[in-house]
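The structure file my_file16.csv is reproduced below (CSV, C-alpha atoms).
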```csv
chain,number,residue,atom,x,y,z
H,1176,MET,CA,92.6,99.3,113.3
H,1177,LYS,CA,96.1,100.6,113.8
H,1178,LYS,CA,97.4,98.0,111.4
H,1179,GLU,CA,94.9,99.0,108.7
H,1180,LYS,CA,96.0,102.6,108.9
H,1181,LEU,CA,99.6,101.5,108.6
H,1182,ASN,CA,98.8,99.4,105.6
H,1183,LYS,CA,97.0,102.3,103.9
H,1184,ARG,CA,99.9,104.6,104.5
H,1185,VAL,CA,102.4,102.1,103.2
H,1186,SER,CA,100.2,101.6,100.1
H,1187,LEU,CA,100.1,105.3,99.6
H,1188,ILE,CA,103.8,105.7,99.9
H,1189,VAL,CA,104.4,102.8,97.5
H,1190,CYS,CA,102.0,104.3,95.0
H,1191,LEU,CA,103.8,107.7,95.3
H,1192,VAL,CA,107.2,106.1,94.8
H,1193,ILE,CA,105.9,104.2,91.7
H,1194,GLY,CA,104.4,107.3,90.3
H,1195,GLY,CA,107.6,109.2,90.9
H,1196,PHE,CA,109.6,106.5,89.1
H,1197,LEU,CA,107.2,106.7,86.2
H,1198,ALA,CA,107.6,110.5,86.0
H,1199,TYR,CA,111.4,110.2,86.3
H,1200,LEU,CA,111.4,107.6,83.6
H,1201,TYR,CA,109.4,109.9,81.3
H,1202,VAL,CA,111.7,112.8,81.8
H,1203,GLY,CA,114.9,110.6,81.8
H,1204,LEU,CA,114.1,109.3,78.3
H,1205,ARG,CA,114.0,112.8,76.8
H,1206,ASP,CA,116.4,115.6,76.5
H,1207,PHE,CA,115.3,117.5,79.5
H,1208,SER,CA,118.5,119.5,80.1
H,1209,GLY,CA,118.5,120.7,76.5
H,1210,GLN,CA,115.1,122.3,76.7
H,1211,ASP,CA,114.2,125.9,77.4
H,1212,LEU,CA,112.1,126.7,80.5
H,1213,MET,CA,108.8,126.4,78.6
H,1214,GLY,CA,109.9,123.0,77.3
H,1215,LYS,CA,110.8,121.8,80.8
H,1216,TYR,CA,107.4,122.9,82.1
H,1217,ARG,CA,105.7,121.1,79.3
H,1218,MET,CA,107.7,117.9,79.8
H,1219,LEU,CA,107.1,118.0,83.6
H,1220,CYS,CA,103.4,118.5,83.0
H,1221,ASP,CA,103.3,115.4,80.8
H,1222,ALA,CA,105.5,113.4,83.2
H,1223,PHE,CA,103.1,114.0,86.1
H,1224,THR,CA,99.9,113.6,84.0
H,1225,ILE,CA,100.7,110.0,83.0
H,1226,PRO,CA,101.0,108.5,86.6
H,1227,GLY,CA,98.1,110.7,87.8
H,1228,LEU,CA,95.7,109.4,85.1
H,1229,LEU,CA,97.1,105.8,85.5
H,1230,PHE,CA,96.4,105.8,89.3
H,1231,LEU,CA,92.9,107.4,88.9
H,1232,MET,CA,91.9,104.9,86.3
H,1233,LEU,CA,93.4,102.0,88.2
H,1234,GLY,CA,91.4,103.1,91.3
H,1235,LEU,CA,88.2,103.3,89.2
H,1236,LEU,CA,88.8,99.8,87.8
H,1237,MET,CA,89.5,98.3,91.2
H,1238,THR,CA,86.4,100.0,92.7
H,1239,ILE,CA,84.2,98.7,89.8
H,1240,SER,CA,85.7,95.3,90.1
H,1241,SER,CA,85.2,95.1,93.9
H,1242,HIS,CA,81.5,96.0,93.5
H,1243,GLY,CA,80.9,93.0,91.3
H,1244,ALA,CA,80.9,94.4,87.8
H,1245,LEU,CA,83.4,91.9,86.5
H,1246,ASP,CA,82.3,88.8,88.5
H,1247,GLY,CA,80.8,87.1,85.4
H,1248,VAL,CA,84.0,87.5,83.4
H,1249,THR,CA,86.3,86.3,86.3
H,1250,TYR,CA,84.0,83.3,87.0
H,1251,VAL,CA,84.1,82.2,83.3
H,1252,VAL,CA,87.8,82.6,83.1
H,1253,SER,CA,88.5,80.7,86.3
H,1254,TYR,CA,86.0,77.9,85.3
H,1255,GLY,CA,87.7,77.6,81.9
H,1256,LEU,CA,91.2,77.4,83.4
H,1257,LYS,CA,90.1,74.8,85.9
H,1258,MET,CA,88.6,72.7,83.1
H,1259,LEU,CA,92.0,72.6,81.4
H,1260,ILE,CA,93.7,70.9,84.3
H,1261,PRO,CA,93.7,67.1,83.6
H,1262,GLY,CA,92.4,64.7,86.2
H,1263,ARG,CA,90.4,67.4,88.1
H,1264,HIS,CA,86.9,66.0,88.7
H,1265,ASP,CA,85.8,67.9,91.8
H,1266,LYS,CA,82.5,69.7,91.8
H,1267,GLN,CA,82.6,73.1,90.2
H,1268,GLU,CA,81.5,76.1,92.3
H,1269,ARG,CA,78.2,77.6,91.3
H,1270,PHE,CA,78.1,81.2,90.2
H,1271,TYR,CA,76.0,82.3,93.1
H,1272,ASP,CA,78.4,80.8,95.6
H,1273,TYR,CA,81.4,82.3,93.7
H,1274,VAL,CA,79.8,85.8,94.0
H,1275,GLN,CA,79.0,85.4,97.7
H,1276,ARG,CA,82.6,84.3,98.4
H,1277,LYS,CA,84.0,87.3,96.4
H,1278,ARG,CA,81.7,89.7,98.3
H,1279,GLU,CA,82.9,88.4,101.6
H,1280,LYS,CA,86.5,88.6,100.5
H,1281,ASN,CA,86.1,92.2,99.2
H,1282,LYS,CA,84.1,93.4,102.1
H,1283,GLY,CA,85.4,96.7,103.5
H,1284,LYS,CA,88.2,97.2,100.9
H,1285,SER,CA,88.9,100.7,99.9
H,1286,PHE,CA,91.1,102.1,97.2
H,1287,GLY,CA,91.3,105.7,98.3
H,1288,TYR,CA,95.1,105.6,98.2
H,1289,LEU,CA,94.9,105.1,94.4
H,1290,TYR,CA,92.6,108.1,94.0
H,1291,LEU,CA,94.7,110.2,96.4
H,1292,THR,CA,97.9,109.4,94.5
H,1293,GLY,CA,96.3,110.2,91.2
H,1294,ILE,CA,95.0,113.5,92.5
H,1295,ILE,CA,98.4,114.5,93.9
H,1296,TYR,CA,100.1,113.8,90.6
H,1297,LEU,CA,97.4,115.6,88.6
H,1298,ALA,CA,97.7,118.6,90.9
H,1299,ALA,CA,101.4,118.7,90.2
H,1300,ALA,CA,100.7,118.4,86.5
H,1301,LEU,CA,98.2,121.3,86.7
H,1302,LEU,CA,100.8,123.4,88.5
H,1303,PHE,CA,103.3,122.9,85.7
H,1304,LEU,CA,100.6,123.5,83.1
H,1305,ILE,CA,99.8,126.9,84.7
H,1306,LEU,CA,103.5,127.7,84.7
H,1307,PHE,CA,103.8,126.7,81.1
H,1308,TYR,CA,100.9,128.9,80.0
H,1309,SER,CA,102.1,131.8,82.1
H,1310,LEU,CA,105.3,131.8,80.0
H,1311,TYR,CA,103.4,131.0,76.8
H,1312,ASN,CA,101.3,134.2,77.0
H,1313,LYS,CA,104.2,136.5,77.6
```

What is this file in structure tokens?
Amino acid sequence: MKKEKLNKRVSLIVCLVIGGFLAYLYVGLRDFSGQDLMGKYRMLCDAFTIPGLLFLMLGLLMTISSHGALDGVTYVVSYGLKMLIPGRHDKQERFYDYVQRKREKNKGKSFGYLYLTGIIYLAAALLFLILFYSLYNK
């Protein structure tokens, strides 16, 4: 139990670092220092929106996938790839057995750290959006 909490914290920290790198990369590729304050707020809002939406959508995709929505596609692709290997004549796993094996493997997996990271970055983007419009309306 303690190891699971540590793994979740490490996953959250890694996601936050990756999102920070993406935001830094977005700002770094543009002329940030040459912008006025409104332009800086706009760029920071965009820079934090991109990783926020990326992590939210990735969390949604992982959740959908772990609930079995993509089992048919992954089964067909794995079956097709195994058929391309020459000399392989072992019995192919049935779809039912494949789904049961996947369910046992994914049992208890949670992707809350992806959702949390996305919400944190979108909250930062919302803050910069509010700051941008507070200057815009003056």

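The environment of segment 1181-1190 of chain H within 10 Å, counting all atoms listed in the file and disregarding residues fewer than 3 places along the same chain, consists of H:Met1176, H:Lys1177, H:Lys1178, H:Ile1193, H:Gly1194, H:Gly1195, H:Phe1196, H:Pro1226, H:Phe1230, H:Ser1285, H:Phe1286, H:Gly1287, H:Tyr1288, H:Leu1289, H:Tyr1290, H:Leu1291, H:Thr1292, H:Gly1293.
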
Written selection (C-alpha atoms) as a PDB file, keeping the file's coordinate frame:
```
ATOM      1  CA  MET H1176      92.600  99.300 113.300  1.00  0.00           C
ATOM      2  CA  LYS H1177      96.100 100.600 113.800  1.00  0.00           C
ATOM      3  CA  LYS H1178      97.400  98.000 111.400  1.00  0.00           C
ATOM      4  CA  ILE H1193     105.900 104.200  91.700  1.00  0.00           C
ATOM      5  CA  GLY H1194     104.400 107.300  90.300  1.00  0.00           C
ATOM      6  CA  GLY H1195     107.600 109.200  90.900  1.00  0.00           C
ATOM      7  CA  PHE H1196     109.600 106.500  89.100  1.00  0.00           C
ATOM      8  CA  PRO H1226     101.000 108.500  86.600  1.00  0.00           C
ATOM      9  CA  PHE H1230      96.400 105.800  89.300  1.00  0.00           C
ATOM     10  CA  SER H1285      88.900 100.700  99.900  1.00  0.00           C
ATOM     11  CA  PHE H1286      91.100 102.100  97.200  1.00  0.00           C
ATOM     12  CA  GLY H1287      91.300 105.700  98.300  1.00  0.00           C
ATOM     13  CA  TYR H1288      95.100 105.600  98.200  1.00  0.00           C
ATOM     14  CA  LEU H1289      94.900 105.100  94.400  1.00  0.00           C
ATOM     15  CA  TYR H1290      92.600 108.100  94.000  1.00  0.00           C
ATOM     16  CA  LEU H1291      94.700 110.200  96.400  1.00  0.00           C
ATOM     17  CA  THR H1292      97.900 109.400  94.500  1.00  0.00           C
ATOM     18  CA  GLY H1293      96.300 110.200  91.200  1.00  0.00           C
TER      19      GLY H1293
END
```

Next on the checklist: What does the structure give for the distance between atom CA of Leu1197 of chain H and atom CA of Phe1223 of chain H, in Å to one decimal?
Outcome noted: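 Between atom CA of Leu1197 of chain H and atom CA of Phe1223 of chain H the gap works out to 8.4 Å.
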
Tell me which protein, DNA and RNA residues are within 10 Å of segment 1310-1312 of chain H, counting all atoms listed in the file, leaving out same-chain ones fewer than 4 positions away, and put them as a PDB file with C-alpha atoms, in the frame of the given file.
```
ATOM      1  CA  LEU H1212     112.100 126.700  80.500  1.00  0.00           C
ATOM      2  CA  MET H1213     108.800 126.400  78.600  1.00  0.00           C
ATOM      3  CA  TYR H1216     107.400 122.900  82.100  1.00  0.00           C
ATOM      4  CA  ILE H1305      99.800 126.900  84.700  1.00  0.00           C
ATOM      5  CA  LEU H1306     103.500 127.700  84.700  1.00  0.00           C
TER       6      LEU H1306
END
```

Checklist entry - Distance atom CA of Arg1276 of chain H-atom CA of Thr1238 of chain H, one decimal place? => result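 Computed distance, atom CA of Arg1276 of chain H to atom CA of Thr1238 of chain H, equals 17.1 Å.
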
Checklist entry - Using only C-alpha atoms, which residue out of H:Ala1298, H:Lys1284, H:Leu1256, H:Leu1191 lies closest to Glu1179 of chain H? => result H:Lys1284

Item to check | Which of H:Tyr1296, H:Ala1198, H:Phe1307, H:Gly1255 sits closest to Leu1231 of chain H [using only C-alpha atoms] | outcome: H:Tyr1296

Checklist entry - What is the distance between atom CA of Thr1249 of chain H and atom CA of Leu1229 of chain H, in Å to one decimal? => result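 The value is 22.3 Å.
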
Give me the residues within 7 Å of Asp1221 of chain H as an mmCIF file with C-alpha atoms, in the coordinates of the input, counting all atoms listed in the file and dropping any in the same chain fewer than 4 places off.
```cif
data_model
loop_
_atom_site.group_PDB
_atom_site.id
_atom_site.type_symbol
_atom_site.label_atom_id
_atom_site.label_comp_id
_atom_site.auth_asym_id
_atom_site.auth_seq_id
_atom_site.Cartn_x
_atom_site.Cartn_y
_atom_site.Cartn_z
ATOM 1 C CA ARG H 1217 105.700 121.100 79.300
ATOM 2 C CA ILE H 1225 100.700 110.000 83.000
ATOM 3 C CA ALA H 1300 100.700 118.400 86.500
#
```

Checklist entry - Which of these, H:Gly1214, H:Gly1234, H:Gly1203, H:Gly1243, has the shortest distance to Lys1277 of chain H once you count all atoms listed in the file? => result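 Checking each candidate against Lys1277 of chain H, we get H:Gly1243 as the closest.
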
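Residue nearest Val1202 of chain H, chosen from H:Ala1222, H:Ala1244, H:Val1252, H:Ile1239 and counting all atoms listed in the file: H:Ala1222.
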
Next on the checklist: From the options H:Ile1294, H:Asp1246, H:Met1258, H:Leu1235, which residue's atoms come nearest to Gln1275 of chain H, counting only C-alpha atoms?
Outcome noted: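 Under the stated criterion, the closest residue is H:Asp1246.
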
Checklist entry - Quick one: of H:Asp1211, H:Val1274, H:Ser1253, H:Arg1269, who's nearest to Ser1240 of chain H, counting all atoms listed in the file? => result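 Ranking H:Asp1211, H:Val1274, H:Ser1253, H:Arg1269 by distance to Ser1240 of chain H, first place goes to H:Val1274.
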